[in-house]
Every structure is written in structure tokens, then in C-alpha cells.
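Note: the block below is target-v5.txt and it holds compact mmCIF, C-alpha atoms.
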```txt
# COMPACT_ATOMS: atom_id res chain seq x y z
CA MET A 1 0.00 0.00 0.00
CA ASN A 2 2.07 2.91 -1.23
CA GLY A 3 0.85 6.39 -0.48
CA VAL A 4 -1.07 5.45 2.66
CA PRO A 5 0.39 7.27 5.65
CA LEU A 6 1.19 5.44 8.85
CA ALA A 7 -1.09 7.91 10.58
CA GLY A 8 -4.06 6.44 8.68
CA TYR A 9 -3.66 3.07 10.35
CA LEU A 10 -2.89 4.65 13.71
CA GLY A 11 -5.90 6.95 13.44
CA LEU A 12 -8.21 4.01 12.75
CA ALA A 13 -6.69 2.10 15.67
CA LEU A 14 -7.10 5.10 17.95
CA PHE A 15 -10.72 5.50 16.90
CA MET A 16 -11.43 1.82 17.55
CA PHE A 17 -9.75 1.99 20.94
CA SER A 18 -11.73 5.10 21.94
CA THR A 19 -14.95 3.44 20.82
CA GLY A 20 -14.09 0.45 22.96
CA VAL A 21 -13.42 2.68 25.97
CA VAL A 22 -16.77 4.43 25.52
CA GLY A 23 -18.52 1.08 25.18
CA VAL A 24 -17.00 -0.28 28.38
CA LEU A 25 -18.03 2.87 30.25
CA VAL A 26 -21.52 3.24 28.82
CA ARG A 27 -22.99 -0.20 28.22
CA ARG A 28 -24.53 -2.37 30.93
CA ASN A 29 -24.63 -5.68 29.11
CA PRO A 30 -21.48 -7.60 30.19
CA ILE A 31 -21.27 -9.46 26.88
CA VAL A 32 -21.19 -6.17 24.96
CA ILE A 33 -18.53 -4.95 27.40
CA PHE A 34 -16.52 -8.05 26.54
CA MET A 35 -16.90 -7.28 22.85
CA CYS A 36 -15.64 -3.75 23.48
CA ILE A 37 -12.57 -5.19 25.21
CA GLU A 38 -11.97 -7.33 22.11
CA LEU A 39 -12.30 -4.17 20.04
CA MET A 40 -9.58 -2.49 22.10
CA LEU A 41 -7.27 -5.51 21.83
CA ASN A 42 -7.71 -5.50 18.06
CA ALA A 43 -6.97 -1.79 17.86
CA VAL A 44 -3.67 -2.42 19.64
CA ASN A 45 -2.93 -5.33 17.29
CA LEU A 46 -3.45 -3.07 14.29
CA THR A 47 -0.97 -0.56 15.74
CA PHE A 48 1.60 -3.30 16.25
CA VAL A 49 1.30 -4.54 12.67
CA ALA A 50 1.34 -1.02 11.23
CA PHE A 51 4.48 -0.08 13.13
CA ALA A 52 6.09 -3.39 12.13
CA ARG A 53 5.38 -2.62 8.46
CA TYR A 54 6.39 1.05 8.44
CA ARG A 55 9.68 0.73 10.28
CA VAL A 56 10.54 4.18 11.57
CA GLN A 57 14.03 3.34 12.82
CA ALA A 58 16.83 1.83 10.76
CA LEU A 59 17.70 -1.79 11.45
CA PRO A 60 20.89 -2.62 13.38
CA ASP A 61 23.75 -4.26 11.51
CA ASP A 62 23.70 -7.50 13.49
CA PRO A 63 21.48 -9.86 11.41
CA VAL A 64 20.05 -11.73 14.42
CA LEU A 65 19.12 -8.48 16.14
CA ALA A 66 17.70 -7.11 12.89
CA GLN A 67 15.57 -10.21 12.40
CA SER A 68 14.25 -10.04 15.96
CA GLN A 69 13.39 -6.35 15.61
CA THR A 70 11.60 -6.98 12.32
CA MET A 71 9.40 -9.71 13.78
CA ALA A 72 8.81 -8.37 17.30
CA GLY A 73 5.55 -6.56 16.47
CA GLN A 74 3.97 -9.54 14.77
CA MET A 75 5.01 -11.85 17.62
CA MET A 76 3.22 -9.55 20.04
CA VAL A 77 0.08 -9.80 17.91
CA VAL A 78 0.26 -13.60 17.96
CA PHE A 79 0.49 -13.64 21.75
CA VAL A 80 -2.25 -11.04 22.18
CA MET A 81 -4.55 -13.25 20.07
CA ALA A 82 -3.74 -16.29 22.22
CA VAL A 83 -4.35 -14.39 25.46
CA ALA A 84 -7.61 -12.96 24.06
CA ALA A 85 -8.84 -16.46 23.23
CA ALA A 86 -8.14 -17.69 26.78
CA GLU A 87 -9.71 -14.54 28.25
CA VAL A 88 -12.92 -14.93 26.25
CA ALA A 89 -13.28 -18.60 27.21
CA VAL A 90 -12.91 -17.88 30.94
CA GLY A 91 -14.91 -14.61 30.86
CA LEU A 92 -17.91 -16.09 29.08
CA GLY A 93 -17.75 -19.02 31.52
CA ILE A 94 -17.96 -16.55 34.40
CA ILE A 95 -20.94 -14.78 32.80
CA MET A 96 -22.70 -18.12 32.31
CA ALA A 97 -22.05 -19.07 35.95
CA ILE A 98 -23.39 -15.73 37.21
CA TYR A 99 -26.46 -16.07 35.01
CA ARG A 100 -27.11 -19.53 36.38
CA LEU A 101 -26.88 -18.24 39.95
CA ARG A 102 -28.92 -15.05 39.62
CA HIS A 103 -30.85 -15.24 36.31
CA ASN A 104 -29.78 -11.67 35.67
CA ILE A 105 -26.58 -10.35 34.18
CA ASP A 106 -27.09 -6.61 34.63
CA ILE A 107 -23.63 -5.23 35.33
CA ASP A 108 -24.99 -2.70 37.84
CA ASP A 109 -26.39 -5.50 40.02
CA MET A 110 -23.11 -7.39 40.21
CA ASN A 111 -21.87 -6.04 43.52
CA ILE A 112 -21.48 -9.16 45.67
CA LEU A 113 -17.71 -8.62 45.82
CA LYS A 114 -18.25 -5.19 47.37
CA GLY A 115 -17.13 -5.40 50.99
CA MET B 1 2.52 19.56 5.89
CA ASP B 2 2.48 18.29 2.33
CA ALA B 3 -0.89 17.46 0.89
CA LEU B 4 -1.49 13.75 0.51
CA LYS B 5 -1.52 12.47 -3.04
CA ILE B 6 -4.73 10.63 -3.79
CA THR B 7 -3.80 7.16 -4.99
CA PRO B 8 -6.06 4.14 -5.60
CA GLU B 9 -4.45 2.51 -2.58
CA LEU B 10 -5.36 5.47 -0.42
CA LEU B 11 -8.98 5.33 -1.59
CA LEU B 12 -9.11 1.59 -0.91
CA PHE B 13 -7.64 2.11 2.54
CA GLY B 14 -10.11 4.93 3.23
CA ALA B 15 -13.07 2.73 2.29
CA ALA B 16 -11.84 -0.15 4.47
CA ALA B 17 -11.02 2.12 7.39
CA GLY B 18 -14.42 3.83 7.15
CA LEU B 19 -16.20 0.49 7.14
CA ALA B 20 -14.19 -0.67 10.16
CA ALA B 21 -14.96 2.57 12.01
CA ILE B 22 -18.70 2.33 11.26
CA ALA B 23 -18.74 -1.28 12.43
CA ALA B 24 -16.89 -0.30 15.63
CA VAL B 25 -19.50 2.36 16.36
CA GLY B 26 -22.21 -0.19 15.64
CA VAL B 27 -20.84 -2.51 18.32
CA VAL B 28 -21.39 0.17 20.95
CA ALA B 29 -24.53 1.79 19.56
CA PHE B 30 -26.79 -1.20 18.88
CA ASN B 31 -29.07 -2.09 21.75
CA ASN B 32 -29.43 -5.65 20.49
CA ALA B 33 -26.48 -7.81 21.52
CA ILE B 34 -26.65 -10.00 18.41
CA ARG B 35 -26.40 -6.95 16.15
CA SER B 36 -23.38 -5.76 18.15
CA ALA B 37 -21.75 -9.16 17.67
CA LEU B 38 -22.38 -9.12 13.92
CA CYS B 39 -20.91 -5.60 13.69
CA LEU B 40 -17.85 -6.92 15.49
CA VAL B 41 -17.56 -9.74 12.94
CA VAL B 42 -17.56 -7.16 10.13
CA ASN B 43 -14.95 -5.13 11.97
CA PHE B 44 -12.67 -8.15 12.43
CA PHE B 45 -13.03 -9.09 8.77
CA VAL B 46 -12.04 -5.62 7.64
CA LEU B 47 -9.13 -5.70 10.07
CA ALA B 48 -7.94 -8.95 8.49
CA PHE B 49 -8.10 -7.19 5.12
CA LEU B 50 -6.02 -4.33 6.53
CA TYR B 51 -3.46 -6.86 7.78
CA PHE B 52 -3.26 -8.17 4.22
CA THR B 53 -2.62 -4.65 2.93
CA LEU B 54 0.24 -4.42 5.44
CA ASN B 55 1.71 -7.66 3.98
CA ALA B 56 1.06 -9.52 7.24
CA GLU B 57 -0.67 -12.42 5.49
CA MET B 58 -0.22 -14.96 8.25
CA LEU B 59 -1.73 -12.64 10.85
CA GLY B 60 -4.63 -11.82 8.53
CA VAL B 61 -5.47 -15.50 8.14
CA THR B 62 -5.08 -16.04 11.88
CA GLN B 63 -7.37 -13.07 12.54
CA ILE B 64 -10.12 -14.63 10.42
CA VAL B 65 -9.71 -18.10 11.90
CA VAL B 66 -9.30 -17.13 15.56
CA TYR B 67 -11.47 -14.04 15.89
CA THR B 68 -14.27 -14.26 13.35
CA GLY B 69 -14.16 -18.05 13.39
CA ALA B 70 -13.75 -19.08 17.01
CA ILE B 71 -14.23 -16.13 19.36
CA MET B 72 -17.27 -14.60 17.68
CA VAL B 73 -18.99 -17.96 17.39
CA LEU B 74 -18.45 -18.36 21.14
CA PHE B 75 -19.97 -14.91 21.71
CA LEU B 76 -23.01 -15.61 19.55
CA PHE B 77 -23.43 -18.98 21.21
CA VAL B 78 -23.53 -17.44 24.69
CA ILE B 79 -25.84 -14.60 23.61
CA MET B 80 -28.34 -17.06 22.18
CA LEU B 81 -27.97 -19.43 25.12
CA LEU B 82 -28.75 -16.67 27.62
CA ASN B 83 -31.50 -15.37 25.31
CA LEU B 84 -30.16 -11.82 25.34
CA GLY B 85 -31.09 -11.22 21.73
CA SER B 86 -34.15 -9.10 22.35
CA PRO B 87 -33.45 -5.54 23.49
CA GLU B 88 -36.01 -5.86 26.28
CA ALA B 89 -33.78 -8.48 27.93
CA LEU B 90 -31.52 -5.78 29.28
CA GLU B 91 -32.79 -2.25 28.98
CA GLU B 92 -30.15 0.44 28.78
CA LYS B 93 -30.65 3.19 31.33
CA ARG B 94 -30.34 6.76 30.15
CA ASP B 95 -28.48 8.49 32.93
CA TRP B 96 -25.41 10.66 33.45
CA LYS B 97 -23.10 7.77 32.56
CA ARG B 98 -23.77 8.05 28.85
CA PRO B 99 -22.66 11.67 28.25
CA ALA B 100 -19.82 11.22 30.73
CA GLY B 101 -18.54 8.14 28.89
CA LEU B 102 -18.80 9.85 25.52
CA ALA B 103 -16.93 12.88 26.86
CA ILE B 104 -14.13 10.73 28.30
CA GLY B 105 -13.82 8.87 24.99
CA ALA B 106 -13.70 12.08 22.95
CA LEU B 107 -11.14 13.57 25.33
CA PHE B 108 -9.01 10.42 25.06
CA PHE B 109 -9.20 10.50 21.26
CA ALA B 110 -8.31 14.19 21.07
CA THR B 111 -5.43 13.96 23.54
CA ILE B 112 -3.65 11.03 21.92
CA GLY B 113 -4.57 12.00 18.36
CA SER B 114 -3.16 15.51 18.69
CA GLN B 115 0.14 14.11 19.97
CA ILE B 116 0.57 11.10 17.70
CA LEU B 117 -1.10 11.58 14.35
CA MET B 118 0.34 14.84 13.06
CA PRO B 119 4.07 13.99 13.41
CA LEU B 120 3.55 10.61 11.75
CA MET B 121 1.52 11.98 8.83
CA LYS B 122 4.69 12.33 6.73
CA ILE B 123 5.63 8.65 6.90
CA THR B 124 4.15 7.06 3.79
CA THR B 125 6.87 4.63 2.69
CA VAL B 126 7.06 1.12 4.06
CA SER B 127 10.53 -0.05 4.94
CA SER B 128 10.26 -3.66 6.02
CA ARG B 129 10.77 -6.51 3.61
CA ASP B 130 7.73 -7.60 1.61
CA ASP B 131 7.87 -11.20 2.87
CA PHE B 132 8.12 -10.26 6.55
CA GLY B 133 4.61 -11.46 7.33
CA GLY B 134 4.51 -14.80 5.55
CA PRO B 135 4.03 -18.10 7.40
CA GLN B 136 7.68 -19.02 6.89
CA ALA B 137 9.05 -15.88 8.56
CA ILE B 138 6.53 -16.08 11.42
CA GLY B 139 7.17 -19.76 12.05
CA ARG B 140 10.94 -19.39 11.96
CA THR B 141 10.86 -16.63 14.58
CA LEU B 142 8.12 -18.18 16.70
CA PHE B 143 9.89 -21.50 17.07
CA SER B 144 13.39 -20.10 17.59
CA GLN B 145 13.54 -16.80 19.47
CA TYR B 146 10.02 -16.96 20.87
CA ALA B 147 9.94 -20.64 21.78
CA PHE B 148 9.62 -19.99 25.52
CA PRO B 149 6.69 -17.51 25.29
CA PHE B 150 5.07 -19.94 22.85
CA GLU B 151 5.23 -22.74 25.43
CA ALA B 152 4.03 -20.37 28.16
CA VAL B 153 0.99 -19.54 26.02
CA SER B 154 0.23 -23.25 25.73
CA VAL B 155 0.17 -23.49 29.55
CA LEU B 156 -2.08 -20.40 29.69
CA LEU B 157 -4.54 -21.94 27.24
CA LEU B 158 -4.55 -25.18 29.21
CA ILE B 159 -5.38 -23.25 32.38
CA GLY B 160 -8.10 -21.42 30.44
CA ILE B 161 -9.65 -24.72 29.34
CA VAL B 162 -9.56 -26.13 32.88
CA GLY B 163 -11.00 -22.90 34.31
CA SER B 164 -13.90 -22.69 31.86
CA ILE B 165 -14.78 -26.36 32.44
CA LEU B 166 -14.77 -25.71 36.18
CA LEU B 167 -17.00 -22.65 35.73
CA ALA B 168 -19.38 -24.50 33.43
CA LYS B 169 -19.99 -27.34 35.86
CA ARG B 170 -23.62 -27.66 36.75
CA ARG B 171 -23.42 -27.15 40.50
CA MET B 172 -21.66 -24.10 41.90
CA SER B 173 -21.19 -24.44 45.63
```
Translate this file's structure into C-alpha cells.
Amino acid sequence: MNGVPLAGYLGLALFMFSTGVVGVLVRRNPIVIFMCIELMLNAVNLTFVAFARYRVQALPDDPVLAQSQTMAGQMMVVFVMAVAAAEVAVGLGIIMAIYRLRHNIDIDDMNILKG
Amino acid sequence: MDALKITPELLLFGAAAGLAAIAAVGVVAFNNAIRSALCLVVNFFVLAFLYFTLNAEMLGVTQIVVYTGAIMVLFLFVIMLLNLGSPEALEEKRDWKRPAGLAIGALFFATIGSQILMPLMKITTVSSRDDFGGPQAIGRTLFSQYAFPFEAVSVLLLIGIVGSILLAKRRMS
């Protein structure tokens, strides 16, 4: 993609992250809040890949170091995806367990951990 | 600041980015949880396309398989299982939280955007190698330099499986 500025990708990622923040603050459905967290994780992933593609700094001369710096952003994305998958599995399990206990998943009513 | 030259690539990127942004807003704005989930699927698909435009093919494929394939199916499954599809299931209150949340989000966007976006507007040339995102490059790095984090992730996923089975057991004491 020649001619597309790095700021285009970063702007989209920033917009997605802000939308996710607003969703977490505003919505009361815990599943939608989870989706907004996924949105934020994906915004960060997009930033990682964009910075990995548009390298701002020059590579070091050492080939091993250069290789590791080239791939570091994409490796982060791989691990973020894995952590997101584990997080969704456990989080949705928690929501299911709460629903089974209380038959209500309104986020404002979930205050049993309050001291 | 130099004016951006309008190229076909820029138009394509603008269309994809606009679609992703609209879908992201849809996730938050729809009252119906199923519609939010479908908007998120669209968003993830467009993100996979954007990964392809950044030559990160392997990550684009992984994005489609993991996010739109596995995670979103899990979301839709839980929404339908809990019968949250109808908007009456969970009515959204209209109180002070909504304008406050919107204001915080706009402030966040403006603060970071004003610091980050303008200085990076000039960078339009990519400087990594074209094959840096193929399966071969990813696999070579993942199984050599990142072998330990890779194994740690496998333990994390195992704990996730055990935890979700424990949570899904019928009787919670």
C-alpha cells in the first residue's frame, strides 16, 4: 500500500480503541462490554502490525538483532490473540455461571464482591 | 505539511477504514447484543483485510480463523444461550453515565490524536521486507527466538480450558 500514511492506520486504531473505551463505560450488558474489550485488543494489534510494516528506525547491523526487531511486532500480535482467546473462554464461563446463579446479568447489580 | 496524493491505494484504505470505524461504532450503539456481535464480525473481517494490505498475510489468516471463526462464534453462542437477543432483555438506562462516557472517549481520542497523528503523517513509505509477514518468517521466529513464550501460552490456554470447564460445571457451591 504505497501512499497510505502510517497515521491512517494509527488513526483508525485510535478511533477503535476510543470506541471500545466508551462502550465499556456506557454499556450495561457484560457481553457487549466483553466485545468492546476485544475491540480495544484489536486496535492495539493493528498498531503493532502497522508499526512493524512502516519501520521508523533503521535496522541494526547485526542480522540476528535485525531479524528479531523486524518480527517483534507480529510476535506480540500472535500472543495477544492467544491471550484474548483464553480470556474470552474464561470470561464467558464466568458470565454463564453468574447467570445460572442469579438469572440476571445486569452489570450494575453485580456487587457481591463489594465489601 | 504536504498534501497527501490521492492514490487508488489510499482510496481503498479509506473505504476499508471507514467500514471498520462504522462497524466499531455499531458494536457500541446497537441495543441488540446479536447486532453488536455481527458488527464486530464485520470489523474483524475488515481488520484482516487491513493486515493483508500491510503484507502480514499470516496474521490476517489467523485473525479470520481465531477471531471471526472461534471467538465470535463463542460470543453468539452465549448470547443465544442466555437469550439476550431481544433488546427488552436488558434495557439500557439513560443516565449521566452516557454523556460522561462519551466525553471521556472524545477527550481520550483528542489527547492522543493531537500528539501522535500529526508527526507521523509524513511517513508514507514502508521499509520492512515484503515477505516479513509470511508463514515461513513467522514460524521461523516463533519456534526459535520466541519458543519460551510460545510454550508459556500453551500453559495459559490449558489453564483457560480447565477454568472454563470448572465454571461451566452444573453445580456451583
* Spatial neighbours of range 59-67 of chain A, max dist 12 Å, all atoms listed in the file, sep filter under 4 positions, as a ChimeraX atom specification -> /A:52,55,71-75 /B:127-129,132,137-138,140-142,144-145
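Residues lying within 8 Å of Ala21 in chain B, counting only C-alpha atoms and ignoring same-chain neighbours fewer than 2 positions away, are Leu12, Phe15 and Met16 of chain A; Ala17, Gly18, Leu19, Ala23, Ala24, Val25 and Asn43 of chain B.
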Show me, as CSV, the residues of chain A having an atom within 6 Å of chain B, each with the closest atom pair and its distance in Å, using all atoms listed in the file.
```
residue,atom,partner,partner_atom,distance
A:Met1,CA,B:Glu9,CA,5.7
A:Gly3,CA,B:Thr124,CA,5.4
A:Val4,CA,B:Leu10,CA,5.3
A:Pro5,CA,B:Thr124,CA,4.2
A:Leu6,CA,B:Ile123,CA,5.8
A:Ala7,CA,B:Met121,CA,5.1
A:Ser18,CA,B:Gly105,CA,5.3
A:Val22,CA,B:Gly101,CA,5.3
A:Gly23,CA,B:Val28,CA,5.2
A:Leu25,CA,B:Gly101,CA,5.5
A:Val26,CA,B:Arg98,CA,5.3
A:Arg53,CA,B:Ser128,CA,5.6
A:Tyr54,CA,B:Val126,CA,4.4
A:Arg55,CA,B:Ser127,CA,5.5
A:Ala86,CA,B:Gly160,CA,5.2
A:Val90,CA,B:Ser164,CA,5.0
A:Gly93,CA,B:Ser164,CA,5.3
```
Draw an axis-aligned box over all listed atoms of range 39-56 of chain B, pad each side with 6 Å, and write its centre and edge lengths in Å, one decimal, as AutoDock Vina command-line options.
```
--center_x -9.6 --center_y -7.0 --center_z 9.2 --size_x 34.6 --size_y 17.4 --size_z 24.6
```
* Would you work out the distance separating CA of Gly11 in chain A from CA of Ile33 in chain A, expressed in Å to one decimal? =>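 Calculated distance between CA of Gly11 in chain A and CA of Ile33 in chain A is 22.3 Å.
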* Asked: Expressed in Å to a single decimal, how great is the separation between CA of Val42 in chain B and CA of Ile37 in chain A?
  -> 16.0 Å
* **One-decimal distance in Å that lies between CA of Ile31 in chain A and CA of Val88 in chain A** => 10.0 Å
* Structure fact -> Among A:Gln69, A:Pro30, A:Val44, A:Ala58, Ile98 in chain A is approached most closely, using all atoms listed in the file, by A:Pro30
Who sits within 6 Å of range 38-42 of chain A, only C-alpha atoms, same chain under 3 positions skipped, as an mmCIF file with C-alpha atoms, in the frame of the given file:
```
data_model
loop_
_atom_site.group_PDB
_atom_site.id
_atom_site.type_symbol
_atom_site.label_atom_id
_atom_site.label_comp_id
_atom_site.auth_asym_id
_atom_site.auth_seq_id
_atom_site.Cartn_x
_atom_site.Cartn_y
_atom_site.Cartn_z
ATOM 1 C CA PHE A 17 -9.750 1.990 20.940
ATOM 2 C CA GLY A 20 -14.090 0.450 22.960
ATOM 3 C CA MET A 35 -16.900 -7.280 22.850
ATOM 4 C CA ASN A 45 -2.930 -5.330 17.290
#
```
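Nearest to Val61 in chain B of all the residues A:Val24, A:Leu101, A:Val78, A:Leu113 is A:Val78, counting only C-alpha atoms.
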